[in-house]
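Report on the structure given below.
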Amino acid sequence: MIQTTGLSKSFNGLEVLKSIDLRVAPKEIVVLLGPSGSGKSTLLRSLNGLEELDGGSLEVNGVRVEAGMPSKKKQAGFREIRRHTGMVFQQFNLYPHKTALGNVIESLMTVKKMKKAEAVQIGERLLDRVGLLVKKDEYPSRLSGGQQQRVAIARALAMEPAIMLFDEPTSALDPELVGEVLEVMRQLARDGMTMVIVTHEMKFARQVANRVVFMDGGVIVEEQEPEIFFQNPKSERSRKFINQLQEH
Amino acid sequence: MNLVWDNLPFLLKGAYYTLLVTVISMFFGLIIGLVVAIARLKGNRLIRGIARVYVSIIRGTPLLVQIFIVYYGLVDYGITLGPLTAAYVALSINVGAYLSETFRGAIQSIPKGQTEAAYATGMTGWMTMRRIILPQAARVAIAPMGNTFIGMLKETALVSAITVTELLRSAQLLIAQYYVYMPFFLGIAAMYWIMSTVFSAILNAVEKQLSRVY
Ligand SMILES: Nc1ncnc2c1ncn2[C@@H]1O[C@H](COP(=O)(O)OP(=O)(O)OP(=O)(O)O)[C@@H](O)[C@H]1O
Ligand SMILES: [Mg+2]
């Protein structure tokens with residue numbers, strides 16, 4: 001479903017991703033862990049081209065993009081990839097000038113050129129799925145953080161993605177609102193969605209992940225089943241990371 | 001003051017031209033401003049450079065000189081424009097430069113996350129601009145745009161210099177006829193003031209309306 005080969009990325013000469021080889025199988029749920037600045041977000045954003053790769057290649061849902069390709073071709077590839085991947089951001093990034101429903105149906109109408117009536121039907125079904133049908137006519141500014149993030153998930157699902165990418169979806173939420181978002185994600189997992197998730201919710205990671213990918217300093221240090229990773233990690237750096245988590 | 005009352009229809013006709021020049025130049029200025037703003041943000045090096053030079057020249061030279069260049073200067077190259085047309089052209093080009101700065105700032109003020117969210121759902125750059133960025137930027141730009149509009153209304157007095165019979169020139173013609181200054185100047189000052197105030201009020205109402213939407 002996802003395969004990166006020697007994927008690397010630098011910002012102003014600083015190499016943030018160093019030759020990453022990552023594979024994600026269909027229906028697999030991968031949680032990316034690692035200390036701050038280890039490159040988790042950059043890797044996740046590289047998967048749908050929000051960060052353009054400098055080296056290596058990636059293949060997502062059958063679309064291949066290589067660092068060496070001409071810029072036009074890369075862009076076209078990424079746009080194709082984005083049509084089949086959903087992304088959920090830490091800061092929700094809902095469109096403030098559109099209602100909850102408007103947010104969800106926007107790309108159905110612009111990208112998929114769907115008729116409004118048809119898009120609305122899909123949009124309402126998705127808002128219902130995240131438990132927010134009653135809020136469909138509210139603007140984001142009148143929704144709680146948890147509700148906003150659930151709308152953002154519905155918006156991503158509207159494009160019928162084969163893969164969902166989450167970058168710390170609950171980190172900007174008040175603690176009491178984290179649960180409702182995680183619940184929606186659990187439901188997605190049960191429905192068999194392929195997911196790559198960056199999160200600090202360790203309990204959630206442990207319950208939901210099929211595999212933990214631990215990053216540090218721009219490289220993948222360890223890939224492991226969650227139970228083994230949390231109880232008996234193989235690498236020294238993973239162990240340190242987990243010990244630090246437990247101190248908090 | 002009776003002189004002003006007696007000649008009010010003539011002055012009102014001048015006011016009409018003042019408004020006409022303002023509205024038409026503003027309309028084309030908005031289009032120019034938007035195109036130039038996008039050119040400066042999204043164009044390649046050459047286009048960005050051209051746009052930057054345009055803005056710099058317009059902002060760095062007096063409007064009256066620009067008006068003269070369009071009306072008198074172009075004649076040397078065989079382009080003869082009527083006074084009113086020259087006024088539209090010069091003022092549109094002028095206000096377009098200022099508005100492009102307003103729009104550029106407004107577009108840049110929209111958080112990067114908005115673009116990323118739109119891209120992430122498969123939108124193209126153009127769709128994102130039109131559907132996500134510009135609607136939000138418009139709200140940011142509306143207040144400075146209103147100020148530009150009212151500034152314009154007053155600056156149109158300069159086109160009296162190329163014989164457009166707008167408000168100021170209407171007064172000058174009456175003065176030449178009656179040999180008194182003050183009543184006419186005070187009269188048109190009052191008319192400018194009324195127009196500015198009315199438009200300010202309208203713009204405030206529009207702004208309030210817009211800020212209520214979300
Ligand atoms: N746009 C950018 N420009 C320059 N440097 C960047 C940019 N984005 C990320 N970086 C740098 O890349 C490195 C990795 O950042 P990244 O955001 O991927 O880390 P992370 O693992 O997601 O961290 P966190 O847990 O804090 O979110 C950091 O050193 C960061 O400063
Ligand atoms: Mg991050």
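Convention: chains lettered A, B, ... in structure tokens order; per-chain residue numbering from 1; ligands numbered from 1 as shown.
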
Dump as a VMD selection string the residues of chain B that approach chain A to within 10 Å, counting only C-alpha atoms. chain B and resid 111 to 124 127 to 128 131 to 133 135 to 136 139 213 to 214

Show me which residues sit within 12 Å of ligand 1 when counting only C-alpha atoms and all ligand atoms, and put them as a PyMOL selection string. (chain A and resi 8-18+32-46+50-52+89-91+166-169+171-172+197-200+213-220) or (chain B and resi 112)

What does the distance between CA of Glu247 (chain A) and CA of Phe230 (chain A) come to in Å, to one decimal place? 14.0 Å

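The protein and nucleic acid residues lying at most 10 Å from Gly14 (chain B) are Leu8, Pro9, Phe10, Leu11, Tyr17, Thr18, Leu19, Leu20, Val164, Thr165, Glu166, Leu167, Leu168, Arg169, Ser170, Ala171 and Ile188 of chain B, with only C-alpha atoms considered and sequence neighbours fewer than 3 positions away removed.
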
Could those residues be written to a file, using C-alpha atoms, as a PDB file, in the first residue's frame?
ATOM      1  CA  LEU B   8     -26.314  72.886  -7.965  1.00  0.00           C
ATOM      2  CA  PRO B   9     -27.381  70.824 -11.002  1.00  0.00           C
ATOM      3  CA  PHE B  10     -24.061  71.674 -12.648  1.00  0.00           C
ATOM      4  CA  LEU B  11     -22.120  70.709  -9.524  1.00  0.00           C
ATOM      5  CA  TYR B  17     -18.363  62.220 -12.819  1.00  0.00           C
ATOM      6  CA  THR B  18     -16.321  62.051  -9.646  1.00  0.00           C
ATOM      7  CA  LEU B  19     -18.264  58.952  -8.626  1.00  0.00           C
ATOM      8  CA  LEU B  20     -18.144  57.468 -12.086  1.00  0.00           C
ATOM      9  CA  VAL B 164     -12.449  65.929 -16.951  1.00  0.00           C
ATOM     10  CA  THR B 165     -15.350  67.974 -15.629  1.00  0.00           C
ATOM     11  CA  GLU B 166     -15.648  66.231 -12.305  1.00  0.00           C
ATOM     12  CA  LEU B 167     -16.483  68.033  -9.094  1.00  0.00           C
ATOM     13  CA  LEU B 168     -13.379  70.199  -8.743  1.00  0.00           C
ATOM     14  CA  ARG B 169     -13.376  71.309 -12.359  1.00  0.00           C
ATOM     15  CA  SER B 170     -17.079  72.060 -12.211  1.00  0.00           C
ATOM     16  CA  ALA B 171     -16.304  74.460  -9.378  1.00  0.00           C
ATOM     17  CA  ILE B 188     -17.684  71.064  -3.301  1.00  0.00           C
TER      18      ILE B 188
END

CA of Leu63 (chain B) to CA of Leu173 (chain B), straight-line distance in Å: 22.9 Å

Surrounding residues of Gln187 (chain A) excluding itself and chain neighbours under 5 positions, 12 Å, only C-alpha atoms, as a short mmCIF file (atom, residue, chain, number, x, y, z; two decimals) with N, CA, C and O atoms, in the first residue's frame:
data_model
loop_
_atom_site.label_atom_id
_atom_site.label_comp_id
_atom_site.auth_asym_id
_atom_site.auth_seq_id
_atom_site.Cartn_x
_atom_site.Cartn_y
_atom_site.Cartn_z
N ARG A 129 -21.47 9.63 10.67
CA ARG A 129 -20.52 8.59 11.08
C ARG A 129 -19.61 9.08 12.21
O ARG A 129 -19.20 8.30 13.06
N VAL A 130 -19.27 10.38 12.20
CA VAL A 130 -18.43 10.90 13.29
C VAL A 130 -19.31 11.55 14.37
O VAL A 130 -18.81 12.26 15.25
N GLY A 131 -20.60 11.33 14.28
CA GLY A 131 -21.51 11.77 15.34
C GLY A 131 -21.81 13.26 15.34
O GLY A 131 -22.14 13.83 16.38
N ILE A 153 -11.81 14.77 10.16
CA ILE A 153 -11.71 13.35 9.77
C ILE A 153 -12.77 13.04 8.72
O ILE A 153 -12.49 12.40 7.70
N GLU A 180 -13.10 11.33 22.37
CA GLU A 180 -14.07 11.25 21.27
C GLU A 180 -13.38 11.12 19.91
O GLU A 180 -13.90 10.45 19.02
N VAL A 181 -12.21 11.76 19.78
CA VAL A 181 -11.47 11.66 18.51
C VAL A 181 -10.84 10.28 18.38
O VAL A 181 -10.92 9.65 17.31
N LEU A 182 -10.27 9.79 19.47
CA LEU A 182 -9.66 8.46 19.42
C LEU A 182 -10.72 7.40 19.11
O LEU A 182 -10.46 6.43 18.39
N GLY A 192 -11.26 -1.38 8.95
CA GLY A 192 -10.22 -1.88 8.05
C GLY A 192 -9.48 -0.83 7.25
O GLY A 192 -8.90 -1.11 6.21
N MET A 193 -9.49 0.41 7.75
CA MET A 193 -8.76 1.47 7.06
C MET A 193 -7.25 1.28 7.27
O MET A 193 -6.81 0.93 8.36
N MET A 195 -3.88 2.90 8.06
CA MET A 195 -3.60 4.16 8.74
C MET A 195 -2.13 4.27 9.14
O MET A 195 -1.52 3.30 9.58
N VAL A 208 -4.22 -0.13 19.29
CA VAL A 208 -4.71 -0.09 17.90
C VAL A 208 -3.64 -0.50 16.88
O VAL A 208 -3.96 -1.08 15.85
#
